[in-house]
Every structure is written in C-alpha cells, then in structure tokens.
file final.txt (compact mmCIF, C-alpha atoms and all ligand atoms)
# COMPACT_ATOMS: atom_id res chain seq x y z
CA MET R 23 -7.43 -2.35 27.79
CA SER R 24 -3.64 -2.35 28.31
CA GLU R 25 -1.04 -1.06 30.71
CA SER R 26 1.38 -0.14 27.88
CA PRO R 27 2.02 3.55 27.35
CA TRP R 28 1.31 3.11 23.63
CA THR R 29 -1.67 1.49 21.95
CA ILE R 30 -1.34 1.11 18.19
CA VAL R 31 -4.91 1.09 16.86
CA GLY R 32 -5.33 -0.84 13.60
CA GLN R 33 -3.20 -3.64 12.21
CA GLY R 34 -2.97 -2.77 8.53
CA LEU R 35 0.34 -1.91 6.87
CA ALA R 36 0.61 1.32 8.89
CA GLY R 37 0.02 -0.19 12.34
CA THR R 38 2.00 -3.36 11.64
CA CYS R 39 5.09 -1.52 10.35
CA LEU R 40 4.91 0.79 13.37
CA ALA R 41 4.66 -2.19 15.74
CA TRP R 42 7.84 -3.68 14.22
CA GLU R 43 9.69 -0.39 14.65
CA PHE R 44 8.64 -0.24 18.32
CA TRP R 45 9.55 -3.88 18.85
CA LYS R 46 13.00 -3.44 17.27
CA ARG R 47 13.68 -0.60 19.72
CA GLY R 48 12.29 -2.43 22.74
CA GLU R 49 9.58 0.19 23.20
CA PRO R 50 6.54 -1.21 25.07
CA PHE R 51 3.25 -1.20 23.12
CA VAL R 52 0.09 -3.12 22.45
CA LEU R 53 -1.24 -3.53 18.92
CA ILE R 54 -5.00 -3.91 18.52
CA ASP R 55 -7.29 -4.60 15.59
CA ARG R 56 -11.01 -5.12 15.25
CA GLU R 57 -10.33 -8.03 12.86
CA HIS R 58 -12.66 -7.25 10.03
CA GLY R 59 -12.09 -5.39 6.79
CA GLY R 60 -9.06 -3.27 6.04
CA SER R 61 -7.36 -2.42 2.80
CA SER R 62 -4.01 -4.11 3.49
CA ARG R 63 -5.57 -7.58 3.45
CA VAL R 64 -6.81 -7.18 -0.14
CA ALA R 65 -3.91 -5.17 -1.61
CA ALA R 66 -1.78 -6.72 -4.35
CA GLY R 67 1.33 -5.32 -2.64
CA LEU R 68 2.69 -4.03 -5.92
CA ILE R 69 5.56 -1.56 -5.90
CA ASN R 70 6.08 0.15 -9.24
CA PRO R 71 8.76 2.85 -9.31
CA ILE R 72 7.25 4.98 -12.12
CA THR R 73 3.51 5.23 -11.80
CA GLY R 74 0.28 6.59 -13.16
CA LYS R 75 -0.94 8.03 -16.42
CA ASN R 76 1.83 10.61 -16.23
CA PHE R 77 4.61 8.03 -15.85
CA GLU R 78 6.16 9.82 -12.87
CA PRO R 79 8.43 8.44 -10.12
CA SER R 80 6.68 8.10 -6.74
CA VAL R 81 7.54 10.99 -4.41
CA ASN R 82 10.90 10.40 -2.71
CA ILE R 83 11.08 6.83 -3.98
CA SER R 84 14.88 6.80 -3.96
CA ALA R 85 14.75 7.15 -0.15
CA PHE R 86 11.62 5.12 0.61
CA LEU R 87 12.22 2.06 -1.58
CA PRO R 88 15.59 1.06 -0.08
CA GLU R 89 14.14 1.61 3.40
CA ALA R 90 11.14 -0.58 2.59
CA LEU R 91 13.34 -3.37 1.21
CA GLU R 92 15.60 -3.31 4.24
CA PHE R 93 12.58 -3.40 6.54
CA TYR R 94 11.04 -6.31 4.62
CA ALA R 95 14.28 -8.28 4.80
CA THR R 96 14.42 -7.85 8.59
CA VAL R 97 10.81 -8.96 9.05
CA GLU R 98 11.35 -11.91 6.69
CA GLN R 99 14.11 -13.06 9.02
CA SER R 100 11.99 -12.68 12.14
CA LEU R 101 9.00 -14.47 10.58
CA GLY R 102 11.07 -17.04 8.68
CA LYS R 103 9.20 -16.63 5.41
CA PRO R 104 9.65 -14.69 2.17
CA LEU R 105 7.48 -11.58 1.80
CA TRP R 106 9.17 -9.49 -0.92
CA HIS R 107 9.13 -10.90 -4.46
CA PRO R 108 11.12 -8.68 -6.83
CA LEU R 109 9.87 -8.67 -10.43
CA PRO R 110 10.55 -6.37 -13.38
CA VAL R 111 7.63 -4.18 -14.41
CA LEU R 112 6.51 -4.02 -18.03
CA ARG R 113 4.81 -0.67 -18.54
CA LEU R 114 2.65 -0.92 -21.65
CA ALA R 115 1.31 2.00 -23.67
CA ASP R 116 -2.14 1.82 -25.22
CA THR R 117 -2.20 5.08 -27.17
CA GLU R 118 0.30 7.22 -29.11
CA LYS R 119 -0.27 10.02 -26.61
CA GLU R 120 0.68 7.83 -23.65
CA TRP R 121 3.66 6.38 -25.49
CA ASN R 122 4.99 9.81 -26.45
CA ARG R 123 4.60 10.98 -22.86
CA MET R 124 6.60 7.97 -21.65
CA LEU R 125 9.30 8.47 -24.29
CA SER R 126 9.60 12.15 -23.35
CA LYS R 127 10.62 11.22 -19.80
CA LEU R 128 13.19 8.53 -20.50
CA THR R 129 16.19 10.82 -20.23
CA ARG R 130 15.16 12.47 -16.98
CA SER R 131 17.65 11.93 -14.17
CA ASP R 132 14.97 10.80 -11.70
CA VAL R 133 13.61 8.28 -14.24
CA THR R 134 16.78 6.71 -15.69
CA PRO R 135 17.74 4.76 -12.52
CA TRP R 136 14.53 2.74 -12.88
CA LEU R 137 14.90 1.86 -16.58
CA ALA R 138 15.98 -1.65 -17.58
CA HIS R 139 17.93 -2.06 -20.86
CA ASP R 140 18.72 1.70 -20.74
CA GLY R 141 15.07 2.42 -21.53
CA ALA R 142 15.13 0.67 -24.92
CA PRO R 143 11.52 0.26 -26.16
CA ILE R 144 10.17 -3.29 -26.19
CA ALA R 145 7.74 -4.49 -28.84
CA VAL R 146 4.68 -6.28 -27.42
CA ASP R 147 1.87 -7.54 -29.67
CA GLY R 148 -1.30 -5.46 -29.39
CA TRP R 149 0.39 -2.46 -27.72
CA ILE R 150 1.98 0.69 -29.09
CA GLY R 151 5.11 0.06 -27.08
CA ALA R 152 6.51 -0.95 -23.70
CA ILE R 153 9.32 0.00 -21.34
CA GLU R 154 10.78 -2.36 -18.75
CA LEU R 155 11.35 -0.93 -15.27
CA ARG R 156 13.52 -2.29 -12.52
CA GLY R 157 13.21 -1.97 -8.73
CA GLY R 158 9.57 -3.14 -8.60
CA GLY R 159 7.98 -6.24 -7.16
CA ARG R 160 5.28 -7.62 -4.93
CA PHE R 161 5.11 -7.46 -1.17
CA ASP R 162 2.91 -10.21 0.24
CA THR R 163 0.77 -7.98 2.44
CA ARG R 164 -1.54 -10.69 3.72
CA SER R 165 1.29 -12.98 4.86
CA PHE R 166 2.92 -9.95 6.47
CA ILE R 167 -0.25 -9.03 8.38
CA ASP R 168 -1.10 -12.60 9.43
CA GLY R 169 2.50 -13.56 10.29
CA SER R 170 3.08 -10.37 12.27
CA ARG R 171 -0.18 -10.86 14.16
CA GLU R 172 0.87 -14.38 15.25
CA PHE R 173 4.34 -13.09 16.14
CA PHE R 174 3.10 -10.27 18.36
CA GLN R 175 0.29 -12.40 19.80
CA ARG R 176 2.86 -14.96 21.01
CA LEU R 177 4.69 -12.11 22.76
CA GLY R 178 1.47 -10.85 24.36
CA LEU R 179 1.68 -7.63 22.34
CA TYR R 180 -1.45 -8.10 20.20
CA GLN R 181 -5.14 -8.03 21.14
CA ALA R 182 -8.31 -8.40 19.06
CA ALA R 183 -10.29 -5.32 20.10
CA GLU R 184 -12.09 -2.33 18.66
CA MET R 185 -11.12 1.07 20.09
CA ARG R 186 -14.00 3.55 20.28
CA MET R 187 -13.00 6.66 18.39
CA ASP R 188 -14.23 8.87 21.24
CA ALA R 189 -12.81 6.73 24.09
CA PRO R 190 -10.95 8.97 26.55
CA GLY R 191 -7.24 8.37 27.09
CA ALA R 192 -3.78 9.19 25.77
CA GLY R 193 -1.04 7.24 24.04
CA ARG R 194 -3.13 5.95 21.13
CA ILE R 195 -1.51 5.90 17.76
CA TRP R 196 -4.36 5.79 15.29
CA CYS R 197 -3.53 3.67 12.24
CA GLU R 198 -7.15 2.93 11.41
CA GLY R 199 -7.04 3.48 7.65
CA ALA R 200 -10.12 4.55 5.71
CA VAL R 201 -12.44 3.98 8.70
CA GLY R 202 -11.21 7.15 10.43
CA LEU R 203 -10.92 9.16 7.23
CA MET R 204 -14.53 8.45 6.30
CA LEU R 205 -15.67 9.69 9.71
CA GLY R 206 -14.04 13.01 8.84
CA ARG R 207 -11.52 12.83 11.71
CA TYR R 208 -8.83 14.47 9.60
CA GLY R 209 -10.95 16.76 7.42
CA PRO R 210 -11.88 16.15 3.78
CA HIS R 211 -10.66 12.88 2.28
CA ARG R 212 -10.46 11.26 -1.15
CA CYS R 213 -10.81 7.58 -0.18
CA ALA R 214 -11.35 5.27 -3.14
CA LYS R 215 -12.85 1.81 -3.21
CA GLY R 216 -10.97 -0.76 -5.26
CA GLU R 217 -11.92 -4.23 -6.47
CA ILE R 218 -9.37 -6.93 -7.19
CA LEU R 219 -9.45 -10.50 -8.52
CA THR R 220 -7.21 -13.49 -7.93
CA LEU R 221 -7.08 -15.59 -11.09
CA LYS R 222 -5.61 -18.86 -12.27
CA ALA R 223 -4.43 -18.92 -15.88
CA ALA R 224 -2.18 -21.10 -17.97
CA GLY R 225 0.49 -19.73 -20.28
CA TRP R 226 0.40 -16.09 -19.11
CA ASP R 227 3.66 -14.19 -18.58
CA GLU R 228 4.83 -14.90 -15.02
CA THR R 229 8.16 -13.11 -15.39
CA HIS R 230 6.88 -9.52 -15.29
CA ILE R 231 4.33 -7.37 -13.53
CA ARG R 232 2.30 -5.88 -16.38
CA ILE R 233 0.88 -2.38 -16.13
CA GLY R 234 -1.25 -0.76 -18.80
CA ALA R 235 -4.75 0.18 -19.96
CA GLY R 236 -5.55 1.54 -16.50
CA GLY R 237 -4.79 -1.66 -14.62
CA TRP R 238 -2.14 -4.12 -13.51
CA LEU R 239 -1.48 -7.86 -13.53
CA VAL R 240 0.76 -9.27 -10.83
CA PRO R 241 2.05 -12.87 -11.01
CA LEU R 242 1.95 -14.78 -7.71
CA GLY R 243 3.66 -17.93 -9.06
CA GLY R 244 2.15 -21.31 -9.92
CA GLY R 245 -0.20 -19.85 -12.55
CA LEU R 246 -1.91 -17.51 -10.07
CA PHE R 247 -2.28 -13.75 -10.61
CA LYS R 248 -3.73 -10.71 -8.87
CA VAL R 249 -5.39 -8.28 -11.25
CA GLY R 250 -6.97 -4.92 -10.64
CA SER R 251 -8.15 -2.50 -9.97
CA THR R 252 -11.14 -0.19 -10.00
CA TYR R 253 -11.37 3.31 -8.48
CA GLU R 254 -14.75 4.29 -7.05
CA TRP R 255 -15.17 7.43 -4.92
CA ASN R 256 -18.89 7.42 -4.13
CA GLN R 257 -19.85 3.92 -2.99
CA LEU R 258 -17.32 3.51 -0.17
CA ASP R 259 -17.87 0.00 1.15
CA GLU R 260 -15.95 -3.28 1.05
CA THR R 261 -18.52 -5.22 -0.96
CA PRO R 262 -17.44 -6.66 -4.34
CA THR R 263 -19.82 -5.74 -7.18
CA ALA R 264 -20.77 -7.18 -10.58
CA ALA R 265 -19.66 -3.92 -12.28
CA GLY R 266 -16.29 -4.06 -10.53
CA ARG R 267 -15.80 -7.67 -11.57
CA ALA R 268 -16.66 -6.85 -15.20
CA ARG R 269 -14.11 -4.00 -15.25
CA VAL R 270 -11.36 -6.17 -13.74
CA HIS R 271 -12.18 -8.95 -16.23
CA GLU R 272 -11.55 -6.42 -19.02
CA ILE R 273 -8.17 -5.54 -17.51
CA ALA R 274 -7.30 -9.24 -17.15
CA ALA R 275 -8.21 -9.94 -20.77
CA ARG R 276 -6.12 -6.99 -21.98
CA LEU R 277 -3.03 -7.65 -19.86
CA GLY R 278 -3.14 -11.45 -19.56
CA GLY R 279 -5.44 -13.13 -22.04
CA GLY R 280 -8.90 -14.51 -22.56
CA HIS R 281 -9.01 -17.68 -20.51
CA PHE R 282 -8.81 -17.69 -16.76
CA GLU R 283 -10.46 -19.13 -13.70
CA GLU R 284 -11.57 -16.75 -10.98
CA ILE R 285 -10.32 -17.75 -7.52
CA ALA R 286 -11.31 -14.72 -5.44
CA HIS R 287 -13.01 -11.35 -5.81
CA GLU R 288 -12.38 -8.78 -3.07
CA ALA R 289 -12.82 -5.08 -2.37
CA GLY R 290 -11.18 -2.59 -0.05
CA ILE R 291 -10.99 1.15 0.54
CA ARG R 292 -7.74 3.02 -0.08
CA PRO R 293 -7.16 5.59 2.68
CA ILE R 294 -6.46 8.82 0.78
CA LEU R 295 -5.91 12.28 2.30
CA ARG R 296 -3.38 13.78 -0.11
CA ARG R 297 -2.91 11.63 -3.21
CA SER R 298 -0.90 8.59 -2.01
CA GLU R 299 1.33 10.63 0.26
CA PRO R 300 0.85 9.62 3.90
CA LEU R 301 0.71 11.92 6.92
CA ILE R 302 1.74 11.52 10.55
CA GLY R 303 1.57 13.68 13.64
CA PRO R 304 0.18 14.49 17.06
CA LEU R 305 -3.55 14.80 17.77
CA ALA R 306 -5.24 16.37 20.77
CA GLY R 307 -4.91 14.69 24.19
CA GLY R 308 -1.56 12.95 23.72
CA ASN R 309 -2.67 10.81 20.78
CA TRP R 310 -1.12 10.45 17.32
CA MET R 311 -2.11 9.58 13.77
CA PHE R 312 -0.56 7.68 10.82
CA ASN R 313 -2.85 7.57 7.79
CA GLY R 314 -3.26 8.37 4.10
CA LEU R 315 -1.14 5.62 2.54
CA GLY R 316 -3.46 5.71 -0.48
CA SER R 317 -2.47 3.28 -3.24
CA LYS R 318 1.14 3.01 -2.10
CA GLY R 319 1.17 1.44 1.35
CA SER R 320 3.82 -1.15 0.43
CA LEU R 321 6.28 1.54 -0.61
CA TYR R 322 5.72 4.10 2.13
CA ALA R 323 4.55 2.30 5.30
CA PRO R 324 8.01 1.11 6.49
CA GLY R 325 9.82 4.44 6.05
CA ILE R 326 6.95 6.46 7.49
CA ALA R 327 6.72 4.09 10.48
CA ARG R 328 10.41 4.68 11.16
CA ARG R 329 10.00 8.46 11.01
CA LEU R 330 6.98 8.35 13.32
CA THR R 331 8.91 6.19 15.81
CA GLU R 332 11.79 8.67 15.81
CA TRP R 333 9.32 11.49 16.36
CA LEU R 334 7.48 9.75 19.20
CA ILE R 335 10.45 8.30 21.01
CA ASP R 336 13.40 10.57 20.18
CA GLY R 337 11.44 13.79 19.64
CA GLN R 338 12.95 14.07 16.16
CA ALA R 339 10.33 15.62 13.83
CA PRO R 340 10.19 14.36 10.22
CA GLU R 341 10.25 16.36 6.98
CA PRO R 342 7.57 19.12 7.35
CA ALA R 343 5.66 17.74 4.35
CA LEU R 344 4.82 14.58 6.35
CA ASP R 345 3.46 16.47 9.35
CA PHE R 346 -0.32 16.24 9.50
CA GLY R 347 -0.44 19.52 11.46
CA ASN R 348 1.13 21.40 8.55
CA PHE R 349 -1.26 19.73 6.11
CA ARG R 350 -4.30 20.56 8.26
CA ASP R 351 -3.18 24.19 8.54
CA GLY R 352 -2.59 24.36 4.81
CA SER R 353 1.16 24.93 5.08
CA ALA R 354 2.27 21.60 3.55
CA MET R 355 0.88 20.38 0.25
C1 LIG R 401 -8.03 -3.22 -4.37
C2 LIG R 401 -6.82 -2.59 -3.75
C3 LIG R 401 -5.58 -2.89 -4.26
C4 LIG R 401 -4.43 -2.31 -3.71
N1 LIG R 401 -3.22 -2.65 -4.22
C5 LIG R 401 -2.11 -2.10 -3.70
C6 LIG R 401 -0.84 -2.43 -4.23
O1 LIG R 401 -0.72 -3.22 -5.17
N2 LIG R 401 0.26 -1.84 -3.67
C7 LIG R 401 0.17 -0.97 -2.62
O2 LIG R 401 1.19 -0.47 -2.13
N3 LIG R 401 -1.04 -0.63 -2.10
C8 LIG R 401 -2.17 -1.17 -2.63
N4 LIG R 401 -3.39 -0.82 -2.12
C9 LIG R 401 -3.43 0.21 -1.05
C10 LIG R 401 -3.10 -0.38 0.30
O3 LIG R 401 -4.04 -1.37 0.59
C11 LIG R 401 -3.09 0.72 1.36
O4 LIG R 401 -2.14 1.71 1.03
C12 LIG R 401 -2.74 0.20 2.76
O5 LIG R 401 -3.13 -1.12 2.91
C13 LIG R 401 -3.38 1.04 3.85
O6 LIG R 401 -2.98 0.53 5.10
P1 LIG R 401 -3.55 1.10 6.46
O7 LIG R 401 -2.86 0.35 7.54
O8 LIG R 401 -3.49 2.58 6.48
O9 LIG R 401 -5.12 0.75 6.45
P2 LIG R 401 -5.87 -0.66 6.57
O10 LIG R 401 -5.15 -1.72 5.87
O11 LIG R 401 -7.28 -0.41 6.18
O12 LIG R 401 -5.78 -1.00 8.11
C14 LIG R 401 -6.53 -0.38 9.11
C15 LIG R 401 -6.89 -1.42 10.16
O13 LIG R 401 -7.44 -0.76 11.30
C16 LIG R 401 -8.55 -1.50 11.77
N5 LIG R 401 -9.38 -0.58 12.53
C17 LIG R 401 -10.07 0.50 12.08
N6 LIG R 401 -10.69 1.12 13.09
C18 LIG R 401 -10.37 0.44 14.21
C19 LIG R 401 -10.72 0.60 15.58
N7 LIG R 401 -11.51 1.60 15.98
N8 LIG R 401 -10.25 -0.28 16.50
C20 LIG R 401 -9.45 -1.32 16.09
N9 LIG R 401 -9.10 -1.52 14.79
C21 LIG R 401 -9.56 -0.66 13.87
C22 LIG R 401 -9.17 -2.01 10.47
O14 LIG R 401 -10.04 -3.08 10.73
C23 LIG R 401 -7.93 -2.41 9.68
O15 LIG R 401 -7.50 -3.71 9.99
C24 LIG R 401 -4.54 -1.39 -2.63
C25 LIG R 401 -5.79 -1.10 -2.11
C26 LIG R 401 -6.93 -1.68 -2.66
C27 LIG R 401 -8.27 -1.36 -2.07
call {"tool": "encode", "arguments": {"input": "final.txt", "output": "structure tokens"}}
result
Amino acid sequence: MSESPWTIVGQGLAGTCLAWEFWKRGEPFVLIDREHGGSSRVAAGLINPITGKNFEPSVNISAFLPEALEFYATVEQSLGKPLWHPLPVLRLADTEKEWNRMLSKLTRSDVTPWLAHDGAPIAVDGWIGAIELRGGGRFDTRSFIDGSREFFQRLGLYQAAEMRMDAPGAGRIWCEGAVGLMLGRYGPHRCAKGEILTLKAAGWDETHIRIGAGGWLVPLGGGLFKVGSTYEWNQLDETPTAAGRARVHEIAARLGGGHFEEIAHEAGIRPILRRSEPLIGPLAGGNWMFNGLGSKGSLYAPGIARRLTEWLIDGQAPEPALDFGNFRDGSAM
C-alpha cells in the first residue's frame, strides 16, 4: 500500500491529529481511511470544561485544553480557515439535587478557574438555576477532517483505502475508532451510539452553549444549532432512528424552544474503552494503537497525538495512565 514506515489507519480526530504531529516533525507517513462512517464526522465538537451529572472537571483538562487550543490555532493557519469557536457554556440545573451538587463544588480549586462571574448563579426561566463556565467552545470537526484530508492528499500523504485488521505487516498506527473496539481487539468496550440533529431556529440564544436536562445545544451561527445527544449501548450502528430523533427533539425543546426546522439527523458510535479517557501504546508485531476518545475527542485528541508521537519517535513514554499495556494488564485505571 505505501513505502512509508508509518501507516496511520483511520482519519477521525485521532488519526488526523496524529498525522499533523508527524507532518510538523517531518516524519514520513501515509494516512488512510475507508471513507465511510466514523464518529468524528457527526460530533458537535463541543468542549465543556466541567461535565456530566456530577459537574466534574474533565481529567487533566488544565493540561489538555491549552494544548488542544494551540494545536487548533496551528492547523487553522495551515488550512486558512477558522475551526475553533470559543463560546461560554451555560450549565443549567433541572432539579434541586443537581443544583445543590453544582453549588457544592463552586469553591473547589479545580473548578474555580472555569467559572465566569466568580460562579455567581444566573436566573434562567424554567430552570432551578444556572452557572456560566468559561474555556468552552466548539471545534468544527467536519471542517477539520475534510480540510486536513485535502491538505494531506495534495502532499501525497493520504489514500482512500481500508486496511484489513489481520493484514500482516508492521508500522501501522491503528486509529480506527469504534470499529476496532467492537471487534474486541482491545478487550471489553463500552461504545455508545449517539444521535444528533442540526436545526434551524429563529430567536434562540446564540451566545452560549447550553447544557442541561441530559443534553446540549450548540450554536453554529446564522440561526443553526447542533443538538444532542442520545446514549445507546446495545444497538451499535450508525443508523438514525425515530426514537433517537424524538429524544433529541425533547432536548431541543427544553434547551432552545418549541419551533425549529430539522436540517440533518445523524448517528455515530463513540469509541469508549475507559470512560472518555483515551489510551495509546504498542501492539504485537511493531504496530500501535490510539483509541478510546469516548465523548471527548475534541479535548483530548491533540494532546494524546503529541504524546504518542513523542513515544513513537523519541522513545519518550507518556504518563502510565495513558499506556494501553497498563490498562490491559489492569495496572492503570
Ligand atoms: C452523536 C455524537 C456526538 C458527539 N459530540 C461530541 C462533542 O460534542 N465533543 C467531543 O469532543 N466529542 C463528541 N463526540 C465523540 C467524538 O466523535 C469522538 O470522541 C471522536 O470523534 C473519536 O475519534 P476517532 O478518530 O477515535 O474515531 P472515528 O471518528 O470513528 O474515526 C475512525 C476512522 O477510521 C476509519 N476506519 C476504521 N477502520 C478502518 C480500516 N480498517 N481501514 C481504514 N479506515 C478505517 C473509520 O471509517 C473512521 O473514519 C460525539 C460522538 C457522537 C456519536
């Protein structure tokens, strides 16, 4: 397929970020993708510093977010188009329990850096309360994937091709997302299907990403929004469903409002091995893996790609918790 010592298999966020790291260092590679499916093409690209029901900072966010933003700025320059759109996040509480949990964390030293207005509660009609967060935004994953593909194609560094999982050979860096996880290549997985809508609506708040009631609403500008998402662990395919649409409509109505026009309905599979904490490392036969970005590919892919590059090229191993070998052997959780 190629004469390069390295073949990066899969051009989602993982493979594309890795290709940029190789390219920046002048390391020869070829990037391949089978050109159908993939989670990065449907993702909203949201980065939210304090996430989930428990209102907790993402693991190591104070290291990974600045790295991601620096990476995005460099790629924006190379591609000549904006990809990162910073926006404050309005985290809305639906119940007293959730609100009290949020309030209880506002003085924590790993939470305060992300609070706008010193964490002062904001009153929003129809909600118990809200807190504004800073540092969040939207990374335009589809423009990143498409623009990077054209860029590397022009340089002869990209090929449309499917790599057989059992093909003999060394030097493959597997960035194949949920496809490989669902084949059990890395042991048990927790992949989750998600459905997402693109909507057009007039008069909705375009100044904040809104998160609450188990979903999110991300403004794209010009009255367009991404809204999602569902989590489904049993039916792992990329087909949008009527039930998924109905659930996302509920989220849209709660976070945005009643009237909207549906522009697109898509589904993807989040590659999950260990929550949304990715893993990297060597495989048998001189091959490597980079997988498990979960729901947080936009935040982690750039920093993890850099660590993997340093490991592969400089022999500098990353933090033990990122090493797939330790995870597989049960020594890193
Ligand atoms: C509905 C939804 C919404 C999401 N929203 C967000 C969000 O707001 N923010 C966020 O950070 N994350 C979000 N995510 C998660 C995000 O999509 C993932 O973290 C990330 O995209 C995973 O990237 P990846 O490169 O590992 O996998 P993928 O994007 O799936 O890429 C893998 C690629 O490898 C290719 N491939 C597989 N096997 C082969 C082979 N044998 N040969 C060649 N090519 C192959 C696939 O076709 C694919 O293109 C969302 C996910 C979903 C489903």
call {"tool": "residues_near_ligand", "arguments": {"input": "final.txt", "ligand": "ligand LIG 401 (chain R)", "cutoff": "7 Å", "atoms": "all atoms listed in the file", "output": "ChimeraX atom specification"}}
result
/R:31-37,54-69,183-187,197-202,215-218,250-251,289-293,313-321
call {"tool": "closest_residue", "arguments": {"input": "final.txt", "among": "R:Pro50, R:Pro27, R:Pro342, R:Gly307", "to": "Asp188 in chain R", "atoms": "all atoms listed in the file"}}
result
R:Gly307
call {"tool": "closest_residue", "arguments": {"input": "final.txt", "among": "R:Glu49, R:Ala138, R:Gly308, R:Arg350", "to": "His211 in chain R", "atoms": "only C-alpha atoms"}}
result
R:Arg350
call {"tool": "closest_residue", "arguments": {"input": "final.txt", "among": "R:Ala323, R:Ile233, R:Val240, R:Ile195", "to": "Leu221 in chain R", "atoms": "only C-alpha atoms"}}
result
R:Val240
call {"tool": "closest_residue", "arguments": {"input": "final.txt", "among": "R:Arg207, R:Arg328, R:Arg194, R:Lys103", "to": "Phe346 in chain R", "atoms": "all atoms listed in the file"}}
result
R:Arg207
call {"tool": "atom_distance", "arguments": {"input": "final.txt", "atom1": "CA of Asp345 in chain R", "atom2": "CA of Asn70 in chain R"}}
result
24.9 Å
call {"tool": "closest_residue", "arguments": {"input": "final.txt", "among": "R:Val133, R:Leu295, R:Leu258, R:Leu239", "to": "Ile83 in chain R", "atoms": "only C-alpha atoms"}}
result
R:Val133
